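The file structure.txt contains compact mmCIF, C-alpha atoms:
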```
# COMPACT_ATOMS: atom_id res chain seq x y z
CA MET A 1 -13.83 55.43 84.78
CA ALA A 2 -10.72 53.60 83.65
CA GLU A 3 -8.93 54.75 80.55
CA PRO A 4 -9.63 52.50 77.60
CA LEU A 5 -6.78 50.28 76.58
CA SER A 6 -4.87 51.22 73.52
CA PRO A 7 -6.26 49.52 70.43
CA ALA A 8 -3.20 47.28 70.25
CA LEU A 9 -3.58 46.05 73.80
CA ALA A 10 -7.34 45.65 73.56
CA GLY A 11 -6.88 43.78 70.33
CA ALA A 12 -4.29 41.50 71.84
CA SER A 13 -6.79 40.36 74.42
CA ASP A 14 -8.91 38.47 71.94
CA GLY A 15 -6.20 37.36 69.57
CA THR A 16 -8.07 38.09 66.39
CA CYS A 17 -7.08 41.61 65.44
CA ALA A 18 -4.44 43.04 63.22
CA SER A 19 -1.48 45.17 64.20
CA ALA A 20 -2.07 48.39 66.11
CA ARG A 21 -1.62 50.33 62.92
CA SER A 22 -4.17 48.32 61.03
CA VAL A 23 -6.71 48.29 63.82
CA ALA A 24 -6.58 52.03 64.16
CA ALA A 25 -6.19 52.59 60.44
CA PRO A 26 -8.62 54.87 58.66
CA ALA A 27 -10.64 53.50 55.80
CA GLN A 28 -8.39 51.94 53.19
CA ASP A 29 -8.69 52.89 49.58
CA VAL A 30 -11.12 50.26 48.36
CA ALA A 31 -13.05 51.18 45.27
CA GLU A 32 -16.72 50.48 44.71
CA PRO A 33 -17.21 46.82 43.80
CA ALA A 34 -17.85 47.62 40.15
CA GLN A 35 -14.41 49.24 39.77
CA ASP A 36 -12.59 47.16 42.34
CA VAL A 37 -10.12 45.22 40.24
CA LEU A 38 -7.27 43.01 41.42
CA ARG A 39 -4.16 43.36 39.28
CA ILE A 40 -1.39 40.81 39.24
CA ALA A 41 1.39 41.01 36.68
CA GLY A 42 -0.73 42.94 34.23
CA ARG A 43 -3.77 40.69 34.51
CA SER A 44 -6.96 42.20 35.91
CA MET A 45 -9.45 40.18 37.90
CA ARG A 46 -12.80 41.15 39.34
CA SER A 47 -12.96 38.17 41.67
CA ARG A 48 -10.70 38.06 44.71
CA LEU A 49 -11.35 34.39 45.36
CA PHE A 50 -8.98 31.86 43.82
CA LEU A 51 -10.11 28.28 43.75
CA GLY A 52 -7.91 25.25 44.27
CA THR A 53 -9.27 22.33 42.28
CA GLY A 54 -7.94 19.64 44.63
CA GLY A 55 -10.28 17.46 46.66
CA PHE A 56 -13.51 17.83 44.70
CA PRO A 57 -15.35 14.51 44.65
CA SER A 58 -16.21 14.93 40.96
CA LEU A 59 -15.50 17.19 38.00
CA GLU A 60 -19.21 18.04 37.88
CA LEU A 61 -19.08 19.45 41.41
CA LEU A 62 -15.89 21.31 40.56
CA ALA A 63 -17.56 22.90 37.54
CA GLU A 64 -20.54 23.95 39.63
CA ALA A 65 -18.33 25.35 42.40
CA ILE A 66 -16.28 27.36 39.89
CA ALA A 67 -19.49 28.83 38.51
CA VAL A 68 -21.05 29.89 41.81
CA SER A 69 -17.75 31.06 43.33
CA GLY A 70 -17.33 33.65 40.59
CA CYS A 71 -13.59 32.91 40.61
CA GLU A 72 -11.48 33.70 37.58
CA LEU A 73 -8.37 31.74 38.48
CA VAL A 74 -8.09 28.07 39.44
CA THR A 75 -5.05 26.02 40.37
CA VAL A 76 -4.09 22.71 38.84
CA ALA A 77 -1.30 20.26 39.56
CA LEU A 78 0.87 18.35 37.11
CA ARG A 79 0.92 14.58 37.46
CA ARG A 80 1.76 11.56 35.37
CA VAL A 81 -0.80 10.78 32.68
CA ASP A 82 -3.23 8.12 33.81
CA PRO A 83 -4.48 6.39 30.65
CA GLY A 84 -7.54 5.16 32.56
CA ALA A 85 -8.59 8.59 33.85
CA ARG A 86 -12.10 9.65 32.99
CA GLY A 87 -13.18 13.20 32.19
CA SER A 88 -10.90 16.08 31.47
CA LEU A 89 -9.99 18.74 33.98
CA MET A 90 -8.75 20.82 31.05
CA ASP A 91 -12.22 20.71 29.48
CA VAL A 92 -13.89 21.75 32.74
CA ILE A 93 -11.58 24.74 33.05
CA ALA A 94 -11.93 25.72 29.41
CA ASP A 95 -15.72 25.45 29.58
CA ALA A 96 -15.79 27.58 32.73
CA GLY A 97 -13.83 30.31 30.98
CA VAL A 98 -11.40 30.74 33.88
CA GLU A 99 -7.63 31.11 33.84
CA LEU A 100 -5.46 28.27 35.00
CA LEU A 101 -2.70 28.61 37.58
CA PRO A 102 -0.43 25.57 37.61
CA ASN A 103 1.28 24.71 40.86
CA THR A 104 4.37 22.80 41.88
CA ALA A 105 2.57 20.86 44.60
CA GLY A 106 4.55 17.94 45.97
CA CYS A 107 7.97 19.38 45.13
CA MET A 108 10.43 19.29 48.01
CA THR A 109 13.47 20.83 46.33
CA ALA A 110 14.07 23.97 44.29
CA ARG A 111 15.32 21.78 41.46
CA ASP A 112 12.12 19.73 41.24
CA ALA A 113 9.97 22.84 41.50
CA VAL A 114 11.86 24.57 38.68
CA ILE A 115 11.56 21.53 36.39
CA THR A 116 7.85 21.23 37.23
CA ALA A 117 7.30 24.92 36.47
CA ARG A 118 9.01 24.55 33.11
CA LEU A 119 6.79 21.55 32.31
CA ALA A 120 3.71 23.48 33.38
CA ARG A 121 4.66 26.32 31.07
CA GLU A 122 4.95 23.84 28.24
CA ALA A 123 1.71 22.02 29.09
CA PHE A 124 -0.53 25.03 29.69
CA ALA A 125 1.12 27.82 27.72
CA THR A 126 1.22 30.10 30.76
CA ASP A 127 4.12 31.79 32.51
CA TRP A 128 2.17 31.87 35.76
CA ILE A 129 3.25 29.44 38.43
CA LYS A 130 2.07 28.93 41.98
CA LEU A 131 5.39 27.98 43.50
CA GLU A 132 5.25 25.45 46.32
CA VAL A 133 8.40 23.97 47.79
CA ILE A 134 7.50 21.85 50.75
CA GLY A 135 9.91 21.19 53.59
CA ASP A 136 7.98 18.80 55.79
CA GLU A 137 5.62 16.01 54.86
CA ASP A 138 3.45 16.22 57.96
CA THR A 139 2.81 19.95 58.05
CA LEU A 140 3.45 20.68 54.36
CA LEU A 141 5.10 23.89 55.49
CA PRO A 142 7.26 25.71 52.93
CA ASP A 143 11.02 25.20 52.87
CA ALA A 144 12.18 28.83 52.95
CA PRO A 145 15.72 28.51 51.51
CA GLU A 146 14.58 26.19 48.72
CA LEU A 147 11.59 28.46 48.02
CA LEU A 148 13.84 31.51 47.64
CA ARG A 149 16.22 29.60 45.40
CA ALA A 150 13.42 28.36 43.15
CA ALA A 151 11.72 31.77 43.05
CA GLU A 152 14.94 33.46 41.99
CA GLN A 153 15.55 30.95 39.21
CA LEU A 154 11.99 31.12 37.90
CA VAL A 155 11.87 34.92 37.94
CA ASP A 156 15.12 34.83 35.95
CA GLU A 157 13.42 32.54 33.44
CA GLY A 158 10.55 34.97 32.98
CA PHE A 159 7.91 33.25 35.06
CA VAL A 160 5.16 35.12 36.92
CA VAL A 161 5.92 33.61 40.31
CA LEU A 162 3.26 33.36 43.03
CA PRO A 163 5.05 31.72 45.96
CA TYR A 164 3.22 29.84 48.69
CA THR A 165 5.05 31.01 51.78
CA THR A 166 4.94 30.99 55.55
CA ASP A 167 3.38 33.89 57.42
CA ASP A 168 6.85 35.41 57.94
CA PRO A 169 6.94 39.08 56.90
CA VAL A 170 10.71 38.99 56.37
CA LEU A 171 10.49 36.04 54.00
CA ALA A 172 7.64 37.77 52.18
CA ARG A 173 9.86 40.81 51.67
CA ARG A 174 12.69 38.65 50.37
CA LEU A 175 10.31 37.07 47.85
CA ALA A 176 9.13 40.52 46.81
CA ASP A 177 12.73 41.72 46.41
CA ILE A 178 13.48 38.76 44.13
CA GLY A 179 10.69 39.87 41.80
CA CYS A 180 7.73 37.64 42.63
CA ALA A 181 4.37 38.88 41.33
CA ALA A 182 2.50 38.32 44.60
CA VAL A 183 3.01 36.56 47.91
CA LEU A 184 0.76 33.77 49.18
CA PRO A 185 1.21 33.41 52.92
CA LEU A 186 -0.47 30.56 54.74
CA GLY A 187 -3.06 31.10 57.45
CA SER A 188 -2.32 27.62 58.84
CA PRO A 189 -1.18 24.33 57.30
CA ILE A 190 -2.68 23.21 53.99
CA GLY A 191 -6.00 21.49 54.44
CA SER A 192 -5.95 21.97 58.21
CA GLY A 193 -8.97 24.28 58.26
CA MET A 194 -7.39 26.02 61.26
CA GLY A 195 -7.98 29.48 59.84
CA ILE A 196 -5.53 32.33 60.35
CA ARG A 197 -3.40 31.39 63.34
CA ASN A 198 -1.34 34.57 63.35
CA PRO A 199 -3.40 37.47 62.06
CA TYR A 200 -0.74 39.89 63.28
CA ASN A 201 1.78 38.44 60.85
CA ILE A 202 -0.65 38.58 57.96
CA ALA A 203 -1.19 42.28 58.73
CA LEU A 204 2.60 42.76 58.93
CA ILE A 205 3.04 41.07 55.55
CA ARG A 206 0.44 43.43 54.13
CA GLU A 207 2.61 46.31 55.33
CA ALA A 208 5.93 44.69 54.38
CA VAL A 209 5.35 44.22 50.66
CA ASP A 210 4.02 46.39 47.90
CA LEU A 211 2.57 43.39 46.09
CA PRO A 212 -0.75 41.58 46.09
CA VAL A 213 -1.06 39.39 49.19
CA VAL A 214 -3.16 36.26 48.75
CA LEU A 215 -4.06 34.30 51.86
CA ASP A 216 -3.39 30.72 50.90
CA ALA A 217 -3.98 27.62 52.97
CA GLY A 218 -5.72 27.05 56.24
CA VAL A 219 -9.06 28.59 55.39
CA GLY A 220 -11.72 26.45 57.04
CA THR A 221 -14.90 28.40 56.59
CA ALA A 222 -16.26 31.70 55.35
CA SER A 223 -15.27 33.79 58.39
CA ASP A 224 -11.60 32.89 57.81
CA ALA A 225 -11.81 34.30 54.31
CA ALA A 226 -13.54 37.46 55.54
CA LEU A 227 -10.85 37.94 58.21
CA ALA A 228 -8.10 37.60 55.61
CA MET A 229 -9.63 40.38 53.58
CA GLU A 230 -10.21 42.54 56.67
CA LEU A 231 -6.51 42.16 57.48
CA GLY A 232 -5.71 43.66 54.10
CA CYS A 233 -5.17 40.64 51.90
CA ASP A 234 -5.95 41.27 48.25
CA ALA A 235 -7.42 37.85 47.63
CA VAL A 236 -8.03 34.47 49.21
CA MET A 237 -7.19 31.04 47.87
CA ALA A 238 -9.51 28.27 49.00
CA ALA A 239 -9.32 24.62 48.06
CA SER A 240 -10.15 22.05 50.74
CA ALA A 241 -12.44 24.47 52.58
CA ILE A 242 -14.73 24.32 49.57
CA SER A 243 -13.97 20.97 47.95
CA ARG A 244 -14.19 18.96 51.17
CA ALA A 245 -17.15 20.81 52.68
CA GLN A 246 -20.28 18.73 53.07
CA ASP A 247 -21.85 20.84 50.34
CA PRO A 248 -19.00 22.21 48.20
CA VAL A 249 -21.24 24.32 46.00
CA ALA A 250 -22.93 26.01 48.95
CA MET A 251 -19.52 26.66 50.53
CA ALA A 252 -18.26 28.16 47.26
CA ARG A 253 -21.13 30.59 47.42
CA ALA A 254 -20.38 31.37 51.07
CA MET A 255 -16.69 32.02 50.32
CA ARG A 256 -17.56 34.38 47.53
CA ALA A 257 -19.81 36.39 49.84
CA ALA A 258 -17.21 36.33 52.64
CA VAL A 259 -14.41 37.61 50.42
CA GLU A 260 -16.63 40.41 49.16
CA ALA A 261 -17.81 41.30 52.68
CA GLY A 262 -14.27 41.27 54.09
CA ARG A 263 -13.03 43.46 51.25
CA LEU A 264 -15.82 45.96 51.84
CA ALA A 265 -15.21 45.95 55.59
CA ARG A 266 -11.51 46.61 55.06
CA GLY A 267 -12.42 49.58 52.93
CA ALA A 268 -15.00 50.77 55.42
CA GLY A 269 -12.41 50.97 58.22
CA ARG A 270 -13.30 49.08 61.35
CA ILE A 271 -13.62 50.70 64.77
CA PRO A 272 -10.73 50.19 67.19
CA ARG A 273 -11.12 47.48 69.79
CA ARG A 274 -11.66 48.73 73.37
CA LEU A 275 -11.90 46.86 76.61
CA TYR A 276 -14.74 49.06 77.89
CA ALA A 277 -18.00 50.17 76.38
CA THR A 278 -18.37 53.32 74.37
CA ALA A 279 -21.99 54.46 74.36
CA SER A 280 -23.43 54.90 70.91
CA THR A 281 -26.36 56.93 72.34
CA PRO A 282 -25.54 60.49 73.48
CA GLU A 283 -25.94 61.33 77.18
CA GLN A 284 -27.11 64.83 76.34
CA GLY A 285 -30.83 65.22 77.00
CA LEU A 286 -30.98 62.22 79.32
CA PRO A 287 -33.89 62.86 81.72
CA GLU A 288 -33.46 62.60 85.50
CA PHE A 289 -36.09 60.75 87.48
CA GLY A 290 -36.86 60.75 91.20
CA ALA A 291 -34.34 63.51 92.05
CA MET B 292 15.68 0.00 29.19
CA ILE B 293 13.51 3.10 28.79
CA VAL B 294 11.53 4.12 31.87
CA LEU B 295 8.13 5.68 31.16
CA ASN B 296 6.39 7.45 34.05
CA GLY B 297 8.39 5.49 36.57
CA GLN B 298 7.74 2.08 35.01
CA HIS B 299 10.06 -0.04 32.90
CA SER B 300 8.50 -0.07 29.47
CA ASP B 301 8.89 -1.73 26.11
CA VAL B 302 9.47 1.64 24.47
CA ARG B 303 12.52 1.24 22.24
CA ALA B 304 15.42 3.59 21.70
CA GLY B 305 14.78 5.65 18.62
CA GLU B 306 11.03 6.01 19.19
CA THR B 307 9.75 9.57 19.08
CA ILE B 308 7.75 11.39 21.74
CA VAL B 309 4.72 11.22 19.47
CA ALA B 310 5.01 7.43 19.45
CA VAL B 311 5.24 7.34 23.24
CA LEU B 312 2.18 9.58 23.54
CA ALA B 313 0.27 7.22 21.27
CA ARG B 314 1.11 4.34 23.61
CA LEU B 315 -0.60 6.34 26.36
CA GLY B 316 -3.63 7.01 24.18
CA LEU B 317 -2.69 10.63 23.58
CA GLU B 318 -2.78 12.55 20.31
CA ALA B 319 0.28 14.41 19.11
CA ASP B 320 -1.56 17.68 19.74
CA ALA B 321 -2.90 16.75 23.18
CA ARG B 322 -3.77 19.80 25.28
CA GLY B 323 -2.38 20.19 28.76
CA VAL B 324 0.41 17.68 28.31
CA ALA B 325 4.13 18.14 28.89
CA VAL B 326 7.02 15.77 28.40
CA ALA B 327 10.39 15.60 30.10
CA VAL B 328 13.23 13.31 29.12
CA ASP B 329 16.01 12.92 31.67
CA ASP B 330 14.64 15.94 33.60
CA GLU B 331 14.71 18.23 30.57
CA VAL B 332 11.54 19.58 29.00
CA VAL B 333 11.01 18.46 25.43
CA PRO B 334 9.18 21.31 23.72
CA ARG B 335 6.00 20.44 21.88
CA ALA B 336 7.59 21.48 18.59
CA ALA B 337 10.19 18.73 18.99
CA TRP B 338 7.81 15.88 19.83
CA GLU B 339 7.82 14.53 16.30
CA SER B 340 11.57 14.65 15.80
CA PHE B 341 12.91 13.87 19.26
CA ALA B 342 14.16 10.28 19.32
CA LEU B 343 14.64 8.60 22.68
CA GLY B 344 18.06 7.33 23.66
CA GLU B 345 18.72 4.08 25.47
CA ASP B 346 17.94 4.25 29.18
CA ALA B 347 15.95 7.46 28.75
CA ARG B 348 13.71 8.40 31.63
CA VAL B 349 10.49 9.78 30.19
CA GLU B 350 7.85 11.66 32.14
CA VAL B 351 4.52 12.43 30.46
CA LEU B 352 2.48 14.76 32.64
CA THR B 353 -0.92 16.39 32.52
CA ALA B 354 -3.31 18.47 34.59
CA MET B 355 -4.68 16.90 37.73
CA GLN B 356 -6.89 18.40 40.40
CA GLY B 357 -4.74 20.10 43.00
CA GLY B 358 -4.59 23.14 45.24
```
Rewrite the structure from the file as structure tokens, please.
Amino acid sequence: MAEPLSPALAGASDGTCASARSVAAPAQDVAEPAQDVLRIAGRSMRSRLFLGTGGFPSLELLAEAIAVSGCELVTVALRRVDPGARGSLMDVIADAGVELLPNTAGCMTARDAVITARLAREAFATDWIKLEVIGDEDTLLPDAPELLRAAEQLVDEGFVVLPYTTDDPVLARRLADIGCAAVLPLGSPIGSGMGIRNPYNIALIREAVDLPVVLDAGVGTASDAALAMELGCDAVMAASAISRAQDPVAMARAMRAAVEAGRLARGAGRIPRRLYATASTPEQGLPEFGA
Amino acid sequence: MIVLNGQHSDVRAGETIVAVLARLGLEADARGVAVAVDDEVVPRAAWESFALGEDARVEVLTAMQGG
């Protein structure tokens, strides 16, 4: 019988596994759900699902999705006041009892992102900022040099900076070195629903930084969220995957279950991938017939 | 000419932020609102006293749905 492939090689054959180290890793230290708390910059959260509020067809659906998702943190954007707007996003968030994470969505320079963050701090009385500095209008991919510049400035100004970043482990380490509170690598472009295109890099980011890693962008369905957690992410951010699903509330429920399942599976320690079968039934005691 | 949220407006020099907010239907203590004048944040505490200069560019922002 042929020797089984090393876990790394066997994993590479299907393109969905983590690094060799992660695949072969023993069970990670994941506490029982009741004590399993995510800590970012001194804030403790039981839920590891963050909800983006963009794309919901109505505030009513958003409120319902927040409730069933169990999330404790939701993102909001800052835009010009529309005197004709109906309903208040602020009321929905306050009524839901969740924390608000303002973002700098739409900013394409460090300067604009820094000004937007300062305005968000003033508007929402929070130092937390999901820092987005976009470098390309078609892919909405982050602009790495501008992102680093903005992150440095905002950390200096006392912000709790959660940068939306590429899936580059080196960039993630730079952001950690600057003093960011977490890193938010993308799985694939925002709103693309393409899932995690490079799970190896997400696993490398997990190893590269000693900070919470939040998979942000690209999640298309529940299995993407579960995979993120299995790769060692501390949380998952989902917006379009929920808000633009045919049934956003049902998808919110699915994402919640997926994040919890993926977290538990990470803690349980998955078996290594092998090219050939490994019998789960012992051969000892196997009868011989017709000898 | 004072520009309010990207539009030429009839806001006059000397008006306060509170007066501008009122034009937008906002109370002086509106939650989730921030104001920038010429790219600088005007803190909430200064809304009553801050008087706009000529050619000020005013941005009045609030929470919108977004990822």
Find the residues around Ala337 in chain B up to 10 Å (all atoms listed in the file counted), leave out those fewer than 3 positions away in its own chain, and share them as a tab-separated table (two decimals) with C-alpha atoms, in the coordinates of the input.
```
chain	number	residue	atom	x	y	z
B	307	THR	CA	9.75	9.57	19.08
B	308	ILE	CA	7.75	11.39	21.74
B	309	VAL	CA	4.72	11.22	19.47
B	333	VAL	CA	11.01	18.46	25.43
B	334	PRO	CA	9.18	21.31	23.72
B	340	SER	CA	11.57	14.65	15.80
B	341	PHE	CA	12.91	13.87	19.26
B	342	ALA	CA	14.16	10.28	19.32
```
Point to revise | For CA of Glu152 in chain A and CA of Cys180 in chain A, the interatomic separation in Å (one decimal) | key: 8.4 Å
**Study point:** Distance of CA of Glu99 in chain A from CA of Pro83 in chain A, expressed in Å to one decimal place
**Key:**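 Interatomic distance, CA of Pro83 in chain A to CA of Glu99 in chain A: 25.1 Å.
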Check your understanding: So which residues fall inside 7 Å of (7.4, 6.2, 29.7) if we count only C-alpha atoms? Mind giving them as number ranges by chain?
Key -> B: 293-298, 300, 311, 348-351
**Study point:** CA of Phe56 in chain A to CA of Arg314 in chain B, straight-line distance in Å
**Key:** 29.0 Å
Review point. When the cut-off is 8 Å and we count only C-alpha atoms, which residues of chain B are near chain A, given as a ChimeraX atom specification?
Key: /B:296,315-316,322-327,330-332,334-335,350-358
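For Ala304 in chain B, the set of protein, DNA and RNA residues having any atom at most 7 Å away, when counting all atoms listed in the file and skipping those fewer than 5 positions along the same chain, is Leu343, Gly344 and Glu345 of chain B.
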May I have the residues within 8 Å of range 251-262 of chain A as a tab-separated table (two decimals) with C-alpha atoms, in the coordinates of the input, using all atoms listed in the file and disregarding those fewer than 3 positions away in the same chain?
```tsv
chain	number	residue	atom	x	y	z
A	48	ARG	CA	-10.70	38.06	44.71
A	49	LEU	CA	-11.35	34.39	45.36
A	65	ALA	CA	-18.33	25.35	42.40
A	66	ILE	CA	-16.28	27.36	39.89
A	68	VAL	CA	-21.05	29.89	41.81
A	69	SER	CA	-17.75	31.06	43.33
A	70	GLY	CA	-17.33	33.65	40.59
A	221	THR	CA	-14.90	28.40	56.59
A	222	ALA	CA	-16.26	31.70	55.35
A	223	SER	CA	-15.27	33.79	58.39
A	225	ALA	CA	-11.81	34.30	54.31
A	226	ALA	CA	-13.54	37.46	55.54
A	227	LEU	CA	-10.85	37.94	58.21
A	228	ALA	CA	-8.10	37.60	55.61
A	229	MET	CA	-9.63	40.38	53.58
A	230	GLU	CA	-10.21	42.54	56.67
A	235	ALA	CA	-7.42	37.85	47.63
A	236	VAL	CA	-8.03	34.47	49.21
A	241	ALA	CA	-12.44	24.47	52.58
A	242	ILE	CA	-14.73	24.32	49.57
A	245	ALA	CA	-17.15	20.81	52.68
A	247	ASP	CA	-21.85	20.84	50.34
A	248	PRO	CA	-19.00	22.21	48.20
A	265	ALA	CA	-15.21	45.95	55.59
A	266	ARG	CA	-11.51	46.61	55.06
```
Review point. Around (-3.6, 24.4, 56.4) in the file's frame, which residues reach within 9 Å when counting all atoms listed in the file? Return as a list in words?
Key: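 Output of the proximity query reads Thr139, Leu140, Leu141, Leu186, Gly187, Ser188, Pro189, Ile190, Gly191, Ser192, Gly193, Met194, Gly195, Asp216, Ala217, Gly218, Val219, Gly220 and Ser240 of chain A.
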Set the distance at 12 Å and use only C-alpha atoms: which residues neighbour Arg174 in chain A once local chain neighbours fewer than 3 positions away are removed? I'd like the list as a PDB file with C-alpha atoms, keeping the file's coordinate frame.
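File part.pdb, as written:
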```
ATOM      1  CA  ALA A 144      12.180  28.830  52.950  1.00  0.00           C
ATOM      2  CA  PRO A 145      15.720  28.510  51.510  1.00  0.00           C
ATOM      3  CA  LEU A 147      11.590  28.460  48.020  1.00  0.00           C
ATOM      4  CA  LEU A 148      13.840  31.510  47.640  1.00  0.00           C
ATOM      5  CA  ARG A 149      16.220  29.600  45.400  1.00  0.00           C
ATOM      6  CA  ALA A 151      11.720  31.770  43.050  1.00  0.00           C
ATOM      7  CA  GLU A 152      14.940  33.460  41.990  1.00  0.00           C
ATOM      8  CA  PRO A 163       5.050  31.720  45.960  1.00  0.00           C
ATOM      9  CA  THR A 165       5.050  31.010  51.780  1.00  0.00           C
ATOM     10  CA  ASP A 168       6.850  35.410  57.940  1.00  0.00           C
ATOM     11  CA  PRO A 169       6.940  39.080  56.900  1.00  0.00           C
ATOM     12  CA  VAL A 170      10.710  38.990  56.370  1.00  0.00           C
ATOM     13  CA  LEU A 171      10.490  36.040  54.000  1.00  0.00           C
ATOM     14  CA  ASP A 177      12.730  41.720  46.410  1.00  0.00           C
ATOM     15  CA  ILE A 178      13.480  38.760  44.130  1.00  0.00           C
ATOM     16  CA  GLY A 179      10.690  39.870  41.800  1.00  0.00           C
ATOM     17  CA  CYS A 180       7.730  37.640  42.630  1.00  0.00           C
ATOM     18  CA  ALA A 182       2.500  38.320  44.600  1.00  0.00           C
ATOM     19  CA  VAL A 183       3.010  36.560  47.910  1.00  0.00           C
ATOM     20  CA  ILE A 205       3.040  41.070  55.550  1.00  0.00           C
ATOM     21  CA  ALA A 208       5.930  44.690  54.380  1.00  0.00           C
ATOM     22  CA  VAL A 209       5.350  44.220  50.660  1.00  0.00           C
ATOM     23  CA  ASP A 210       4.020  46.390  47.900  1.00  0.00           C
ATOM     24  CA  LEU A 211       2.570  43.390  46.090  1.00  0.00           C
TER      25      LEU A 211
END
```
